[in-house]
Amino acid sequence: MVAYLHNQLRGFISPFLVSKFSKEYNESEVLMKKSIETSISTILIGLNNKFDDKNLYDELMEYISNSEFYTDVKFEATKTLIINSSFNKEGCKPLNLIFSNKKDRISEMISNEIGVKSETASAILNFSAMLVFSYFKSQNQNFKSLQLLINDQKRIILSTMPEGIRLLLGVSTFEIIEEKRESSFASNIFSFFLG
């Protein structure tokens with residue numbers, strides 16, 4: 001597993017895949033790419049919020065290993081992702097496991113924050129769930145190391161998400177303010193040394 005998990009997962013979102021989804025859902029490629037990236041971040045933070053339940057992760061991995069999506073997905077070295085459309089029906093269970101009764105609200109929030117149709121946001125969230133968990137399964141990702149990795153990178157992942165989604169996932173306003181302050185401070189120091 002590479003150092004920056006979110007970037008590793010985003011790397012599988014090829015221009016071909018974005019174009020395919022863009023045509024299928026009649027959305028702009030820019031908004032489609034942003035929807036996928038936001039959905040990936042949302043899945044990671046949702047999983048992070050459930051890390052007190054190891055059985056849930058085991059259940060997710062068992063479900064994924066028996067899914068049509070996982071059977072057909074190919075994570076090639078070139079990072080060109082080959083997929084089928086089974087995520088439409090298979091993505092609901094992982095989302096219900098990690099978000100419980102918030103799944104539909106999260107999907108609507110992605111739609112509102114990114115500016116895509118509700119049905120697009122729902123489909124992309126399903127796709128992202130299957131992508132993320134299929135990748136973990138393909139890497140034989142250990143629960144404990146994944147927990148440490150996501151927790152260590154939580155601020156980076158949160159910084160890629162619209163504020164409304166972060167709040168819906170239970171990230172306090174204080175955490176968001178602190179994150180922005182630290183980011184601004186680092187940016188100012190960088191500018192100082194470049195100037």
# chains A, B, ... in the order shown; residues from 1 in each chain; ligands from 1
$ select_by_dssp --residues "region 11-112 of chain A" --states "strand (DSSP E or B)" --output "PyMOL selection string"
chain A and resi 74-75+81-82
$ closest_atom_pairs --of "region 44-92 of chain A" --to "region 146-170 of chain A" --cutoff "12 Å" --atoms "only C-alpha atoms" --output "tab-separated table"
residue	atom	partner	partner_atom	distance
A:Leu44	CA	A:Ile150	CA	7.2
A:Ile45	CA	A:Lys154	CA	7.3
A:Gly46	CA	A:Leu169	CA	6.9
A:Leu47	CA	A:Ile150	CA	8.8
A:Asn48	CA	A:Ile150	CA	6.7
A:Asn49	CA	A:Leu169	CA	8.1
A:Lys50	CA	A:Gln147	CA	9.8
A:Phe51	CA	A:Gln147	CA	6.7
A:Asp52	CA	A:Gln147	CA	9.6
A:Asp53	CA	A:Gln147	CA	11.0
A:Lys54	CA	A:Gln147	CA	9.9
A:Tyr57	CA	A:Leu146	CA	10.3
$ residues_around --residues "Ala121 (chain A)" --least-positions-apart "6" --cutoff "8 Å" --atoms "only C-alpha atoms" --output "JSON list (two decimals) with all heavy atoms, in the first residue's frame"
[["chain", "number", "residue", "atom", "x", "y", "z"],
["A", 35, "SER", "N", -16.81, 14.13, -8.76],
["A", 35, "SER", "CA", -17.77, 13.27, -8.04],
["A", 35, "SER", "C", -17.11, 11.97, -7.59],
["A", 35, "SER", "O", -17.32, 11.52, -6.46],
["A", 35, "SER", "CB", -18.96, 12.92, -8.94],
["A", 35, "SER", "OG", -19.68, 14.06, -9.28],
["A", 107, "SER", "N", -25.44, 10.76, -0.54],
["A", 107, "SER", "CA", -25.57, 10.81, -1.99],
["A", 107, "SER", "C", -26.16, 12.15, -2.44],
["A", 107, "SER", "O", -25.66, 12.78, -3.38],
["A", 107, "SER", "CB", -26.45, 9.65, -2.45],
["A", 107, "SER", "OG", -26.68, 9.72, -3.82],
["A", 108, "GLU", "N", -27.20, 12.60, -1.75],
["A", 108, "GLU", "CA", -27.81, 13.90, -2.08],
["A", 108, "GLU", "C", -26.84, 15.05, -1.84],
["A", 108, "GLU", "O", -26.80, 16.01, -2.61],
["A", 108, "GLU", "CB", -29.09, 14.13, -1.25],
["A", 108, "GLU", "CG", -30.32, 13.48, -1.83],
["A", 108, "GLU", "CD", -30.61, 13.90, -3.26],
["A", 108, "GLU", "OE1", -30.62, 15.11, -3.58],
["A", 108, "GLU", "OE2", -30.82, 13.00, -4.10],
["A", 110, "ILE", "N", -23.56, 14.92, -2.05],
["A", 110, "ILE", "CA", -22.59, 14.90, -3.15],
["A", 110, "ILE", "C", -23.21, 15.57, -4.38],
["A", 110, "ILE", "O", -22.57, 16.39, -5.04],
["A", 110, "ILE", "CB", -22.12, 13.46, -3.46],
["A", 110, "ILE", "CG1", -21.24, 12.95, -2.32],
["A", 110, "ILE", "CG2", -21.34, 13.41, -4.79],
["A", 110, "ILE", "CD1", -20.88, 11.48, -2.40],
["A", 111, "SER", "N", -24.46, 15.24, -4.65],
["A", 111, "SER", "CA", -25.18, 15.85, -5.77],
["A", 111, "SER", "C", -25.22, 17.37, -5.63],
["A", 111, "SER", "O", -24.90, 18.10, -6.56],
["A", 111, "SER", "CB", -26.60, 15.27, -5.84],
["A", 111, "SER", "OG", -27.38, 15.98, -6.76]]
$ closest_residue --among "A:Asn112, A:Ser39, A:Ser22, A:Thr71" --to "Ile83 (chain A)" --atoms "only C-alpha atoms"
A:Thr71
$ atom_distance --atom1 "CA of Lys34 (chain A)" --atom2 "CA of Ser134 (chain A)"
20.5 Å
$ atom_distance --atom1 "CA of Asn26 (chain A)" --atom2 "CA of Val73 (chain A)"
23.6 Å
